[in-house]
Amino acid sequence: MKEQGEKLPVLSEVEQTMLLTLTARAEESAKPNGIIKDTVSEALYAEYKPHLSMTMDKRAKYGTMIRNVVFDELTKAFIEKNPDGVCIYIGAGLDPRAQRLDNGKIRWYAVDLPSVINMRNDMMPFERETNIACSIFDSAWIDAVETDGKSVLIIMEGLLQFFTPEEVREALQLIADAYPGAKVILDMLSIHVLNNPKMMERISRGLFTFRWGVADAAEVSDMDERYQLLTNINLNDRMARHKFSMKIMNKLPKIKRMSSKVALYQIIK
């Protein structure tokens, strides 16, 4: 880990969003009744807090944590069924999911841009995880992953909404070509939020731009028919379990439609 007080490197606007999610995880983990426990994020946040100037909308922050919990749940379910499988986290940012969920057998890979991977190597090394510096659109990361015929889980959290629909389709096709039979977890922004300038401004604070959203998780299968939808989770429904105010609001069809979704797919061979 870098020496105490050393500044963070210069990051692009999209790369900086991982600092928002780091902050959200650390603050939630520090609560006595937090919905996630992540001591690695707590330690990183304590060390680099003086250099973290970006802030997240309160409701968006809690939604991010709910999303993180759902991704963890789906990943745990895969590990329980495939204890010696392979988990590939694309766009891993500074999320220590491998350290939270490792069972001592799973083979972990984290894929992200070089500047981010350098930070992972320096700030949160984990001997059971291989970090790969590569764009999702560069098949070099696929060449660096060793599956040895094991079951594969692809994880893409908080990633695809930054790309255009054409780029999302390209990424999905690249993954399906490389990993027939794999399972894929990804999240999708609601098209109703994407097309609402006021909502977008509240979420992004003008710091970044989302480019892809859907009305229904089945639209991923329309992009590439090899993606078979297995599980579709409305995040507002999950937030309603923890927040009474969200339970009331979520009864409104308009609010429910604006929810992001987390979905699990099987790539058909």
# chains A, B, ... in the order shown; residues from 1 in each chain; ligands from 1

call {"tool": "closest_atom_pairs", "arguments": {"of": "stretch 22-99 of chain A", "to": "stretch 143-147 of chain A", "cutoff": "10 Å", "atoms": "only C-alpha atoms", "output": "CSV"}}
result
residue,atom,partner,partner_atom,distance
A:Gly85,CA,A:Thr147,CA,7.9
A:Val86,CA,A:Thr147,CA,6.3
A:Cys87,CA,A:Thr147,CA,9.4
A:Ile88,CA,A:Val145,CA,8.4

call {"tool": "residues_around", "arguments": {"residues": "A:Ala77", "least_positions_apart": "3", "cutoff": "12 Å", "atoms": "only C-alpha atoms", "output": "number ranges by chain"}}
result
A: 70-74, 80-83, 85, 101, 153, 183, 185, 264

call {"tool": "residues_around", "arguments": {"residues": "A:Gly181", "least_positions_apart": "2", "cutoff": "6 Å", "atoms": "only C-alpha atoms", "output": "JSON, numbers by chain"}}
result
{"A": [267, 268, 269]}

call {"tool": "write_last_selection", "arguments": {"atoms": "C-alpha atoms", "output": "short mmCIF file (atom, residue, chain, number, x, y, z; two decimals), in the first residue's frame"}}
result
data_model
loop_
_atom_site.label_atom_id
_atom_site.label_comp_id
_atom_site.auth_asym_id
_atom_site.auth_seq_id
_atom_site.Cartn_x
_atom_site.Cartn_y
_atom_site.Cartn_z
CA ILE A 267 -24.61 -17.56 -22.10
CA ILE A 268 -26.12 -20.32 -24.23
CA LYS A 269 -23.54 -22.44 -26.00
#

call {"tool": "atom_distance", "arguments": {"atom1": "atom CA of A:Gly63", "atom2": "atom CA of A:Glu13"}}
result
20.3 Å

call {"tool": "select_by_dssp", "arguments": {"residues": "stretch 157-269 of chain A", "states": "strand (DSSP E)", "output": "list in words"}}
result
Lys183, Val184, Ile185, Leu186, Asp187, Met188, Tyr227, Gln228, Leu229, Leu230, Thr231, Asn232, Ile233, Asn234, Lys261, Val262, Ala263, Leu264, Tyr265, Gln266 and Ile267 of chain A

call {"tool": "select_by_dssp", "arguments": {"residues": "stretch 67-261 of chain A", "states": "helix (DSSP H, G or I)", "output": "MDAnalysis selection string"}}
result
chainID A and resid 67:81 97:101 114:123 140:144 160:162 165:178 191:194 197:204 219:223 235:242 244:249 253:257
